[in-house]
Amino acid sequence: MARGRLRIYLGAAPGVGKTYAMLAEAQRRLLRGTDVVVGFVEHHNRLLTAELAEGLETVPRRELTHRGAVFTEMDLDAVLERAPAVVLVDELAHTNVPGCRHAKRWEDVEDLLAAGIDVVSTVNIQHLESLGDVVEGITGVRQRETVPDEVVRRADQIELVDMSPQALRRRLAHGNVYAPEKIDAALSNYFRPGNLTALRELALLWTADRVDEYLQRYRAEQGIEGTWQARERIVVGLTGGPEGATLIRRAARIADRGSGGEVLAVHIARSDGLTGAGSPQSLIEQRALLEGLGGSFHTVLGDDPAAALLDFARGVNATQIVLGSSRRRAWQYIYGPGVSATVTRDSGDIDVHIVTHEHAAKGRGRIPIRKVTDLGRPRAVAGWLIGVAGPPLLAVLLTELHGLGLSTDMLLFLSVTVCAALVGGLFPAVASALVGSATLNYYFTPPLHTFTISAPQNILAVAIFTAVGISVASVVDLAARRTHQAARSQAEAQTLSALAGTVLRGVPSGDGLLTALLDQVRETFQQDSAALLERADEHAPWRCAASGGPQPPERPEDGDVDVPVGENLALVLRGRVLPAEDRRLLGAFGAQAAVLLERRRLAGEAAAARREAEGNRIRTALLAAVSHDLRTPLAGIKAAVSSLRSDDVEWDEADEAELLEGIENGADRLDHLINNLLDMSRLQTGTVTPLIQETDLDEVVPYALGGVPLEAVRLDVPETLPMIHADAGLLERSLANLIENAVKYSPDGVRVLVKADALHPPGAPGRVELRIVDRGPGVPEDAKERIFAPFQRYGDAPRGAGVGLGLAVARGFVEAMGGTVAAEDTPGGGLTMVVTLPAVDLPEAVQSAAQSTAQNASTRKAEPV
C-alpha cells in the first residue's frame with residue numbers, strides 16, 4: 001500500500017488563518033469529488049471558520065474522562081475504519097488526553113499516512129521542537145506542546161499562512177480570534193507587534209530553508225548542474241592567508257546590495273592533512289569575522305583546490321565566487337596557471353570576482369616544513385655508519401665469497417642503501433648509494449680494482465644502480481617524513497578537538513572556563529605557567545586577565561613564549577622555548593582565549609544590564625504601586641477620619657460604625673500591601689531565612705483562611721497526612737496569598753477547593769501536595785509562568801486588585817522552604833495552584849498505612865466544586 005501524502009499549513013502565529021485555509025482547501029477538493037472527511041478540526045467558536053466546516057463529513061470524536069472532566073479527541077480507529085481519501089487533522093502538535101493510542105497527535109497522523117490516507121494538517125511555527133528556545137527568547141513563553149521538525153520536513157507540501165502584525169492585531173481587536181474578555185491581555189502580551197514580527201521572520205526563514213532543500217533535491221533528481229540564480233549566494237575562497245579578511249568584507253558588501261544575499265566561506269584542505277599555505281590562527285580570526293557579518297564557514301577536503309571550490313559552489317547553488325589575487329611571484333607560474341585562473345576558466349555561469357590586496361605577488365609566505373626528518377642523534381649516527389661503512393664491509397664479505405654475480409651484488413648494495421634510508425634518512429642513504437656505486441665499480445666491475453669500466457653494459461648498470469639507490473632513498477625518506485608529519489598532524493588535531501570540547505562543555509563561571517583553557521595550554525606544551533595579558537592601549541601597562549600555574553608572567557618579556565593575540569592582548573608562557581610548529585598550534589589557543597575573554601566581559605555586562613533593568617522595572621512598578629494602590633486606602637482612611645472629626649455633622653451610631661469599619665478595612669488593606677512589598681524586598685535581597693520545623697499542614701491551613709469568607713472555601717485536608725518540613729509562618733503567608741487570589745477570581749457562589757494528599761513515589765522521598773482549585777476564567781498556557789513574576793496582574797484585573805505581588809511572594813516563600821508552586825488548568829475550566837512540600841520521613845508501618853489511606857481516597861470521585 002502506498003503511503004499517504006501530508007500537506008501542512010504552517011502558521012506564523014496563532015490566528016493567522018491556518019484552520020480556515022485548511023477548510024477552504026477541503027471544500028475545493030470536495031467540489032472536485034474527492035472523498036474528504038474531518039478527523040479533528042477546532043474552530044475555537046470563530047464564526048467564519050465554523051461556517052466553512054459546514055457540508056464536510058465529520059467522524060465523531062472519541063470521549064475520554066481525565067481527572068473528573070470529559071474531553072474529546074480524534075477517534076483514530078474510526079477514521080482508519082472509514083478510510084477516506086483525505087482527512088483533516090487540526091493542531092498537529094497537540095498532546096492527546098491519556099487513554100488515546102498515542103501521546104501526540106502527530107503520531108496519529110503517522111498511522112493515517114501509513115494506512116495510505118492523505119492528511120491535511122496545521123501547525124504554528126512556535127510549536128516546532130528545534131525553535132523552542134528561540135521562541136521562548138522572543139515571547140518569554142515556553143511552548144509545552146511541540147512536534148519534531150523532521151515530521152514537518154517530511155511533509156509533501158508545506159504552505160505558509162502569513163499575515164502582517166498590524167493586520168493580525170486588527171483581527172484580534174475585532175474579536176475574530178479570542179473572546180472579548182481575553183483581547184486586551186492577548187494584545188498586551190503575546191501579540192505585541194515586536195513578537196509577531198519576530199515570529200513572522202522566523203516562519204519565513206524556516207520555510208525558505210525548506211524551499212531551498214526542495215530545490216536542491218529537484219536539481220539532484222533532474223541532474224541539473226547549472227546555477228539557478230534564485231538569490232545571491234556568494235562563495236569566498238579562503239587560503240588562511242592574510243588577505244582573507246579583505247575578501248570576506250568585499251563579499252559581505254556584494255551580498256548587501258540585494259535582499260536575501262548569503263555569504264559562504266570555504267577553505268580547501270588537502271585530503272592528506274599535511275600541507276597547506278594557511279595559518280590556523282588566521283582562519284580562526286577570519287571565521288569569527290565572517291560569523292560576525294552573518295556568513296557561514298565551511299572546510300572541504302580536496303587535492304585539487306580549484307575543482308573542489310567549484311564543486312562546492314555548484315553544490316550550494318552559488319551565483320558568485322570571490323577570490324584574492326594570487327600571492328605567487330612571477331617565476332612561480334611555471335608550476336601552473338594557479339587557482340584563480342583555473343576557477344575563472346571553468347566557472348561556467350558563476351561570476352568570479354578577483355579582489356586585489358596588498359599581499360598580491362609578494363610570495364605565499366608558506367609555513368616552513370622541515371625537509372629533513374628529525375630522527376634524533378643516535379639514529380643519524382647509525383644511518384651514517386650504515387651508509388658509509390656498510391658498502392665497504394659488504395664488498396669485503398662478497399670478495400671472500402668470490403662474488404655472486406654483478407646483478408646479485410648490486411641488489412645487496414641496494415639493500416644497504418635502503419637500510420641506511422630507514423635508519424638515518426635521506427643524506428646517509430644518498431651517501432650509501434654513491435659509496436656503493438664506487439665500491440661496485442672498484443671490486444666487481446671488470447677491470448677489477450680500478451675505477452675504469454670496460455663493458456658499456458656495466459657502465460649502464462652502475463649508473464642505473466646509482467639512480468635507483470638515490471631514488472629509493474628519497475622515497476623512503478619522504479615516507480618517513482610523511483609519517484612524522486601525519487603523527488604530528490594527528491596530535492594537533494587531537495589537541496584542537498580537546499580545545500573545542502573544553503570550550504563547548506563550558507563551566508558555570510566564565511573565569512573558570514578561561515583558567516581551564518590556560519591550564520590545558522600548560523599541560524599541552526609542558527609549561528610551568530601561562531597568562532593572558534591585556535592592556536588598554538600600546539602605551540598602557542600590561543595586566544593579567546587570567547592565569548594558570550604558579551608565578552605566571554606579568555609582562556610579555558617575562559615569559560619564554562609570547563604569542564600576540566590582536567594589538568593589546570598576548571598569551572605568554574613560562575617554562576621552555578617552543579619550536580615554530582608548536583607556535584602555530586599555540587596561536588589557535590590564543591585566539592580561543594581571546595574569544596573567551598570577550599565572552600566573559602560581555603556576560604558580565606549583560607548580567608549588570610539585566611540587574612539594572614530589573615531594578616528599574618521594580619522601582620517603576622513600586623512607584624506605580626505607591627502612587628495608586630497605597631494612596632487609595634490612605635485616601636479612604638483620611639476621608640473617614642475627617643468625617644468623624646467634623647463638627648458640622650452629628651453622626652449616629654450606625655454611621656460611626658460604618659466609618660470606623662471603613663477605616664479598619666483600609667488599614668487592613670494597607671497592611672496587606674505593605675507586608676507584600678516588604679516580603680518581596682526580602683526575597684529580592686535574599687534575606688529570607690526560613691525556620692524549618694516539623695509542621696502539621698492541617699494546623700496551618702485554617703490560619704491561612706483569615707482573609708477570606710469561610711463560606712467561600714471548602715477544605716479537604718485529612719488529619720492522617722504526614723508532617724512536613726516547613727516554616728509555619730512563611731507557609732501560612734504563602735497559602736493565604738494563593739487562597740485569596742483563587743477566591744478573588746472564582747464566580748460568586750462557587751467555593752474554592754483546598755485539597756491535600758500525601759505522595760510516596762517509589763525510590764523518591766515523600767512529599768505532600770496541596771491543591772487550591774478555583775472555577776474562574778483560568779489562565780492560558782503561555783501565561784502560567786508569567787503570573788508569578790513580581791508586579792504582574794493577569795488580564796484586565798482592576799488597579800484596586802493589588803500590586804501584583806501575592807503569587808510572587810507565595811512562590812518565593814515556598815521555594816525558600818524547598819517546595820514548589822505551579823499552575824495547572826482545572827478540568828472543566830479554572831485554575832489550580834499546586835503546592836508541593838517535602839514530607840517528614842515516616843516509619844515503615846505508618847508509611848504503609850498512609851499509602852493505603854491515599855489509595856482509598858484516590859478511588860473516590862471528587863465532589864463538584
# chains A, B, ... in the order shown; residues from 1 in each chain; ligands from 1
call {"tool": "residues_around", "arguments": {"residues": "A:Glu25", "least_positions_apart": "6", "cutoff": "12 Å", "atoms": "only C-alpha atoms", "output": "PyMOL selection string"}}
result
chain A and resi 7-9+18-19+31-32+34+36+52-53+56+86-88+119-121+159
call {"tool": "residues_around", "arguments": {"residues": "A:Ala742", "least_positions_apart": "4", "cutoff": "9 Å", "atoms": "only C-alpha atoms", "output": "list of chain:residue names"}}
result
A:Asn737, A:Leu738, A:Ser746, A:Val752, A:Ile772, A:Val773, A:Asp774, A:Arg775, A:Gly776, A:Leu831, A:Thr832, A:Met833
call {"tool": "closest_residue", "arguments": {"among": "A:Thr146, A:Gln166, A:Gln527, A:Ser347", "to": "A:Glu91", "atoms": "only C-alpha atoms"}}
result
A:Thr146
call {"tool": "residues_around", "arguments": {"residues": "A:Val381", "least_positions_apart": "3", "cutoff": "12 Å", "atoms": "only C-alpha atoms", "output": "PyMOL selection string"}}
result
chain A and resi 375-378+384-389+420+423-425+427-428
call {"tool": "residues_around", "arguments": {"residues": "stretch 238-249 of chain A", "least_positions_apart": "3", "cutoff": "8 Å", "atoms": "only C-alpha atoms", "output": "list in words"}}
result
Ala252, Arg253, Ala265, Val266, His267, Ile268, Ala277, Gly278, Ser279, Pro280, Ser282, Leu283, Gln286, Leu289, Leu290, Val322, Leu323, Gly324, Val355, His357, Glu358 and His359 of chain A
call {"tool": "closest_residue", "arguments": {"among": "A:Ala531, A:Ala783, A:Val708, A:Val595", "to": "A:Ser188", "atoms": "only C-alpha atoms"}}
result
A:Ala783
call {"tool": "closest_atom_pairs", "arguments": {"of": "stretch 135-172 of chain A", "to": "stretch 93-103 of chain A", "cutoff": "10 Å", "atoms": "only C-alpha atoms", "output": "Markdown table"}}
result
| residue | atom | partner | partner_atom | distance |
| --- | --- | --- | --- | --- |
| A:Arg144 | CA | A:Thr95 | CA | 9.1 |
| A:Glu145 | CA | A:Ala93 | CA | 5.7 |
| A:Thr146 | CA | A:Ala93 | CA | 5.1 |
| A:Val147 | CA | A:Ala93 | CA | 4.9 |
| A:Pro148 | CA | A:Ala93 | CA | 8.7 |
call {"tool": "residues_around", "arguments": {"residues": "stretch 60-73 of chain A", "least_positions_apart": "5", "cutoff": "10 Å", "atoms": "only C-alpha atoms", "output": "PyMOL selection string"}}
result
chain A and resi 38-40+78-79+95-100+105+826-829+861-864
call {"tool": "write_last_selection", "arguments": {"atoms": "all heavy atoms", "output": "compact mmCIF listing (two decimals), in the first residue's frame"}}
result
# COMPACT_ATOMS: atom_id res chain seq x y z
N VAL A 38 -13.60 15.13 8.04
CA VAL A 38 -12.97 15.86 9.13
C VAL A 38 -12.65 14.89 10.25
O VAL A 38 -13.56 14.30 10.84
CB VAL A 38 -13.88 17.00 9.64
CG1 VAL A 38 -13.26 17.67 10.86
CG2 VAL A 38 -14.13 18.01 8.54
N GLY A 39 -11.36 14.70 10.52
CA GLY A 39 -10.97 13.87 11.66
C GLY A 39 -11.00 14.67 12.95
O GLY A 39 -11.53 14.23 13.97
N PHE A 40 -10.43 15.86 12.91
CA PHE A 40 -10.47 16.75 14.07
C PHE A 40 -10.21 18.17 13.58
O PHE A 40 -9.16 18.45 12.98
CB PHE A 40 -9.40 16.37 15.11
CG PHE A 40 -9.52 17.13 16.41
CD1 PHE A 40 -10.18 16.57 17.49
CD2 PHE A 40 -8.99 18.40 16.54
CE1 PHE A 40 -10.30 17.27 18.68
CE2 PHE A 40 -9.11 19.10 17.72
CZ PHE A 40 -9.77 18.53 18.80
N ALA A 78 -11.80 5.00 14.29
CA ALA A 78 -12.96 5.25 13.43
C ALA A 78 -12.53 5.83 12.09
O ALA A 78 -13.09 5.49 11.04
CB ALA A 78 -13.93 6.21 14.14
N VAL A 79 -11.53 6.71 12.09
CA VAL A 79 -11.05 7.28 10.83
C VAL A 79 -10.40 6.20 9.97
O VAL A 79 -10.62 6.13 8.75
CB VAL A 79 -10.05 8.42 11.11
CG1 VAL A 79 -9.47 8.94 9.80
CG2 VAL A 79 -10.73 9.56 11.86
N THR A 95 -1.20 17.56 22.31
CA THR A 95 -0.97 16.42 23.20
C THR A 95 -2.31 15.76 23.51
O THR A 95 -3.23 16.42 24.00
CB THR A 95 -0.30 16.86 24.50
OG1 THR A 95 0.96 17.47 24.20
CG2 THR A 95 -0.06 15.67 25.42
N ASN A 96 -2.41 14.47 23.22
CA ASN A 96 -3.67 13.76 23.44
C ASN A 96 -3.92 13.53 24.92
O ASN A 96 -3.00 13.44 25.73
CB ASN A 96 -3.66 12.42 22.72
CG ASN A 96 -3.67 12.58 21.21
OD1 ASN A 96 -4.24 13.53 20.68
ND2 ASN A 96 -3.04 11.64 20.49
N VAL A 97 -5.19 13.40 25.27
CA VAL A 97 -5.59 13.07 26.64
C VAL A 97 -5.15 11.63 26.94
O VAL A 97 -5.24 10.76 26.06
CB VAL A 97 -7.12 13.23 26.79
CG1 VAL A 97 -7.58 12.75 28.17
CG2 VAL A 97 -7.52 14.68 26.58
N PRO A 98 -4.66 11.36 28.14
CA PRO A 98 -4.30 9.98 28.49
C PRO A 98 -5.45 9.02 28.22
O PRO A 98 -6.61 9.30 28.55
CB PRO A 98 -3.98 10.07 29.99
CG PRO A 98 -3.53 11.47 30.19
CD PRO A 98 -4.35 12.30 29.24
N GLY A 99 -5.12 7.88 27.60
CA GLY A 99 -6.12 6.91 27.20
C GLY A 99 -6.20 6.73 25.70
O GLY A 99 -6.77 5.75 25.21
N CYS A 100 -5.61 7.69 24.95
CA CYS A 100 -5.55 7.56 23.49
C CYS A 100 -4.45 6.58 23.10
O CYS A 100 -3.57 6.23 23.90
CB CYS A 100 -5.30 8.91 22.85
SG CYS A 100 -6.65 10.10 23.07
N ARG A 105 -0.61 13.98 18.75
CA ARG A 105 -1.46 13.88 17.57
C ARG A 105 -0.66 13.59 16.31
O ARG A 105 -1.15 12.92 15.39
CB ARG A 105 -2.29 15.16 17.41
CG ARG A 105 -3.30 15.09 16.28
CD ARG A 105 -4.29 16.22 16.37
NE ARG A 105 -5.16 16.06 17.53
CZ ARG A 105 -5.91 17.02 18.04
NH1 ARG A 105 -5.89 18.22 17.49
NH2 ARG A 105 -6.67 16.79 19.09
N THR A 826 -7.69 23.69 35.60
CA THR A 826 -8.71 22.90 36.29
C THR A 826 -9.58 22.22 35.23
O THR A 826 -10.11 22.90 34.36
CB THR A 826 -9.58 23.79 37.18
OG1 THR A 826 -8.74 24.44 38.15
CG2 THR A 826 -10.63 22.96 37.90
N PRO A 827 -9.68 20.89 35.26
CA PRO A 827 -10.56 20.23 34.29
C PRO A 827 -11.97 20.81 34.36
O PRO A 827 -12.56 20.92 35.42
CB PRO A 827 -10.53 18.75 34.73
CG PRO A 827 -9.22 18.60 35.43
CD PRO A 827 -8.99 19.91 36.12
N GLY A 828 -12.49 21.23 33.22
CA GLY A 828 -13.78 21.85 33.19
C GLY A 828 -13.75 23.36 33.27
O GLY A 828 -14.78 24.02 33.16
N GLY A 829 -12.55 23.95 33.45
CA GLY A 829 -12.42 25.40 33.49
C GLY A 829 -11.95 25.88 34.84
O GLY A 829 -12.39 25.42 35.89
N LYS A 861 -14.63 9.54 43.85
CA LYS A 861 -14.78 10.67 42.93
C LYS A 861 -14.75 11.96 43.72
O LYS A 861 -15.33 12.07 44.78
CB LYS A 861 -16.11 10.57 42.17
CG LYS A 861 -16.11 9.55 41.05
CD LYS A 861 -17.35 9.69 40.22
CE LYS A 861 -17.31 8.74 39.03
NZ LYS A 861 -18.51 8.87 38.18
N ALA A 862 -14.09 12.95 43.14
CA ALA A 862 -14.06 14.26 43.78
C ALA A 862 -15.42 14.92 43.65
O ALA A 862 -16.08 14.83 42.62
CB ALA A 862 -12.99 15.14 43.14
N GLU A 863 -15.85 15.55 44.75
CA GLU A 863 -17.14 16.25 44.72
C GLU A 863 -17.03 17.46 43.81
O GLU A 863 -15.98 18.07 43.71
CB GLU A 863 -17.52 16.69 46.14
CG GLU A 863 -17.68 15.52 47.11
CD GLU A 863 -18.05 16.01 48.50
OE1 GLU A 863 -18.56 17.13 48.59
OE2 GLU A 863 -17.84 15.27 49.45
N PRO A 864 -18.10 17.84 43.16
CA PRO A 864 -18.03 19.06 42.32
C PRO A 864 -17.78 20.28 43.17
O PRO A 864 -18.32 20.42 44.26
CB PRO A 864 -19.41 19.11 41.65
CG PRO A 864 -20.31 18.30 42.55
CD PRO A 864 -19.45 17.23 43.15
call {"tool": "atom_distance", "arguments": {"atom1": "atom CA of A:Thr139", "atom2": "atom CA of A:Glu181"}}
result
21.2 Å
call {"tool": "select_by_dssp", "arguments": {"residues": "stretch 57-192 of chain A", "states": "alpha helix (DSSP H)", "output": "MDAnalysis selection string"}}
result
chainID A and resid 76:82 105:114 132:139 149:153 165:173 180:188
call {"tool": "select_by_dssp", "arguments": {"residues": "stretch 17-104 of chain A", "states": "strand (DSSP E)", "output": "MDAnalysis selection string"}}
result
chainID A and resid 36:40 57:58 62:66 69:73 86:89
call {"tool": "atom_distance", "arguments": {"atom1": "atom CA of A:Leu753", "atom2": "atom CA of A:Leu715"}}
result
6.1 Å
